[in-house]
Protein chains: 2
Amino acid sequence: MIILSKLADYGVIIATHLAENPDRQVTAVALAAETRLPQATVAKVLKALSHGGVVIAARGASGGYKLARRAQAISVAEVVSAIDGAIGVTECTVHTPSCERTDFCPTRPHWQRINRAVGAALQSVTLADMVMPAFSFPHASETAAERIAP
Amino acid sequence: MIILSKLADYGVIIATHLAENPDRQVTAVALAAETRLPQATVAKVLKALSHGGVVIAARGASGGYKLARRAQAISVAEVVSAIDGAIGVTECTVHTPSCERTDFCPTRPHWQRINRAVGAALQSVTLADMVMPAFSFPHASETAAERIAP
DNA sequence: CTCAATTCGGACCGGGTTAGTACCGATTAG
DNA sequence: CTAATCGGTACTAACCCGGTCCGAATTGAG
């Protein structure tokens, strides 16, 4: 299973690309060309990012997008939730628990615990981190580490 | 956005229910009744769990399901990946990186790092934990689960 | 020993969400 | 004024989820 939606994935790619050249105003079509992603989709993602306050849009001729803040101040979690909404592990963790099980179901606290872990993971990585090549994570068994269970 | 699919969520509910009465052989319809989940879906989930080695199925009259191992030995990650397949944050983290970006894209190691964190969170919770009401879970493992993998 | 009842196992199908596209209006620089 | 660019909405296509159906295996009765 894939956790992030494709759009959210694109969002991070695009935001990261913006983080590489800060202060530069880039148009949607240019971003699409530079990231090799479909133009229309890039435009759509940028709209969402703008809406979420991750990027700032300049309209009109010679308009374009750039990051709303410094790259270090923007976490991956922010980018993702700008596109896909709040992050939650299960149904109960995101909206109000209207399910009848809520009261007597003992699993909820555990879900919330897992949820916090995921959120922390996404929040701890900023766009500035994403740009840096990350030698600092030495791992021999890359594929094994990537899979949760065989 | 919701991370777990509904089926995976059901899977955990069902597996947890099985963990509550170990050694008891329960049929799919009984499980559906006891968990208040739709019968057909429960059956489907159980098939996947059986395939993934989480539960053991007995066919024929007086057949049914039971956990393949003790509840402490089965992690939530196992249940989830039995249903939804390997867990990965993005496309690249699960299948072979066929995208052209793979080689030059610096974000991959960071994704893997996030991925490991999520995996650790899911693996750190067993079915036995899920059954226990969570007032008393050890803080040590909690912080460990929440910390991002180095 | 045979048959029927019961249960799991695998293939198939429809509905709904998501990805992706296209259009038109709004805004701004030159 | 014109060209370029973002913003919003509507639309189509694809995929995945959830559910249903029928066949395979096993048990227990006659």
# chains A, B, ... in the order shown; residues from 1 in each chain; ligands from 1
>>> closest_atom_pairs(of="chain A", to="chain C", cutoff="7 Å", atoms="only C-alpha atoms (C1' of nucleotides)", output="JSON lines")
{"residue": "A:Ala40", "atom": "CA", "partner": "C:DT21", "partner_atom": "C1'", "distance": 6.8}
{"residue": "A:Thr41", "atom": "CA", "partner": "C:DG20", "partner_atom": "C1'", "distance": 6.4}
{"residue": "A:Arg59", "atom": "CA", "partner": "C:DT27", "partner_atom": "C1'", "distance": 6.0}
{"residue": "A:Gly60", "atom": "CA", "partner": "C:DT28", "partner_atom": "C1'", "distance": 3.9}
{"residue": "A:Ala61", "atom": "CA", "partner": "C:DA29", "partner_atom": "C1'", "distance": 5.4}
{"residue": "A:Ser62", "atom": "CA", "partner": "C:DA29", "partner_atom": "C1'", "distance": 6.9}
>>> closest_atom_pairs(of="chain A", to="chain D", cutoff="12 Å", atoms="only C-alpha atoms (C1' of nucleotides)", output="JSON lines")
{"residue": "A:Met1", "atom": "CA", "partner": "D:DC16", "partner_atom": "C1'", "distance": 11.3}
{"residue": "A:Gln25", "atom": "CA", "partner": "D:DT5", "partner_atom": "C1'", "distance": 11.9}
{"residue": "A:Val26", "atom": "CA", "partner": "D:DT5", "partner_atom": "C1'", "distance": 10.8}
{"residue": "A:Thr27", "atom": "CA", "partner": "D:DT5", "partner_atom": "C1'", "distance": 7.7}
{"residue": "A:Ala28", "atom": "CA", "partner": "D:DT5", "partner_atom": "C1'", "distance": 8.8}
{"residue": "A:Val29", "atom": "CA", "partner": "D:DT5", "partner_atom": "C1'", "distance": 9.9}
{"residue": "A:Ala30", "atom": "CA", "partner": "D:DT5", "partner_atom": "C1'", "distance": 11.7}
{"residue": "A:Ala43", "atom": "CA", "partner": "D:DC6", "partner_atom": "C1'", "distance": 9.1}
{"residue": "A:Lys44", "atom": "CA", "partner": "D:DG7", "partner_atom": "C1'", "distance": 10.0}
{"residue": "A:Leu46", "atom": "CA", "partner": "D:DC6", "partner_atom": "C1'", "distance": 9.9}
{"residue": "A:Lys47", "atom": "CA", "partner": "D:DG7", "partner_atom": "C1'", "distance": 7.7}
{"residue": "A:Ala48", "atom": "CA", "partner": "D:DG7", "partner_atom": "C1'", "distance": 10.6}
{"residue": "A:Ser50", "atom": "CA", "partner": "D:DG7", "partner_atom": "C1'", "distance": 10.3}
{"residue": "A:His51", "atom": "CA", "partner": "D:DG7", "partner_atom": "C1'", "distance": 10.3}
{"residue": "A:Ile56", "atom": "CA", "partner": "D:DC6", "partner_atom": "C1'", "distance": 10.9}
{"residue": "A:Ala57", "atom": "CA", "partner": "D:DC6", "partner_atom": "C1'", "distance": 7.3}
{"residue": "A:Ala58", "atom": "CA", "partner": "D:DC6", "partner_atom": "C1'", "distance": 7.1}
{"residue": "A:Arg59", "atom": "CA", "partner": "D:DC6", "partner_atom": "C1'", "distance": 4.9}
{"residue": "A:Gly60", "atom": "CA", "partner": "D:DT5", "partner_atom": "C1'", "distance": 4.8}
{"residue": "A:Ala61", "atom": "CA", "partner": "D:DA4", "partner_atom": "C1'", "distance": 4.3}
{"residue": "A:Ser62", "atom": "CA", "partner": "D:DT5", "partner_atom": "C1'", "distance": 6.8}
{"residue": "A:Gly63", "atom": "CA", "partner": "D:DT5", "partner_atom": "C1'", "distance": 5.7}
{"residue": "A:Gly64", "atom": "CA", "partner": "D:DT5", "partner_atom": "C1'", "distance": 7.2}
{"residue": "A:Tyr65", "atom": "CA", "partner": "D:DC6", "partner_atom": "C1'", "distance": 9.3}
>>> interface_residues(of="chain B", to="chain A", cutoff="7 Å", atoms="only C-alpha atoms", output="PyMOL selection string")
chain B and resi 1-4+9+77-78+81+84-91+93+106-107+109-110+112+114-119+121-122+130-134+145-148+150
>>> atom_distance(atom1="atom CA of Gly11 of chain A", atom2="atom CA of Ala82 of chain A")
8.8 Å
>>> select_by_dssp(residues="segment 16-96 of chain B", states="strand (DSSP E or B)", output="MDAnalysis selection string")
chainID B and resid 26 55:58 64:67 75 88
>>> residues_around(residues="Ala128 of chain A", least_positions_apart="4", cutoff="7 Å", atoms="only C-alpha atoms (C1' of nucleotides)", output="list of chain:residue names")
A:Ala19, A:Ala71, A:Gln72, A:Met132
>>> write_last_selection(atoms="N, CA, C and O atoms", output="PDB file, in the first residue's frame")
ATOM      1  N   ALA A  19      12.264  24.852  -3.627  1.00  0.00           N
ATOM      2  CA  ALA A  19      13.217  25.103  -2.551  1.00  0.00           C
ATOM      3  C   ALA A  19      14.640  25.167  -3.089  1.00  0.00           C
ATOM      4  O   ALA A  19      15.515  25.807  -2.491  1.00  0.00           O
ATOM      5  N   ALA A  71      12.772  27.489   3.164  1.00  0.00           N
ATOM      6  CA  ALA A  71      12.599  26.049   3.009  1.00  0.00           C
ATOM      7  C   ALA A  71      12.697  25.317   4.344  1.00  0.00           C
ATOM      8  O   ALA A  71      12.034  24.305   4.559  1.00  0.00           O
ATOM      9  N   GLN A  72      13.497  25.840   5.239  1.00  0.00           N
ATOM     10  CA  GLN A  72      13.647  25.165   6.541  1.00  0.00           C
ATOM     11  C   GLN A  72      12.387  25.275   7.366  1.00  0.00           C
ATOM     12  O   GLN A  72      12.183  24.511   8.306  1.00  0.00           O
ATOM     13  N   MET A 132      18.892  18.709   0.458  1.00  0.00           N
ATOM     14  CA  MET A 132      20.212  18.172   0.769  1.00  0.00           C
ATOM     15  C   MET A 132      20.296  16.697   0.444  1.00  0.00           C
ATOM     16  O   MET A 132      19.410  15.952   0.833  1.00  0.00           O
TER      17      MET A 132
END
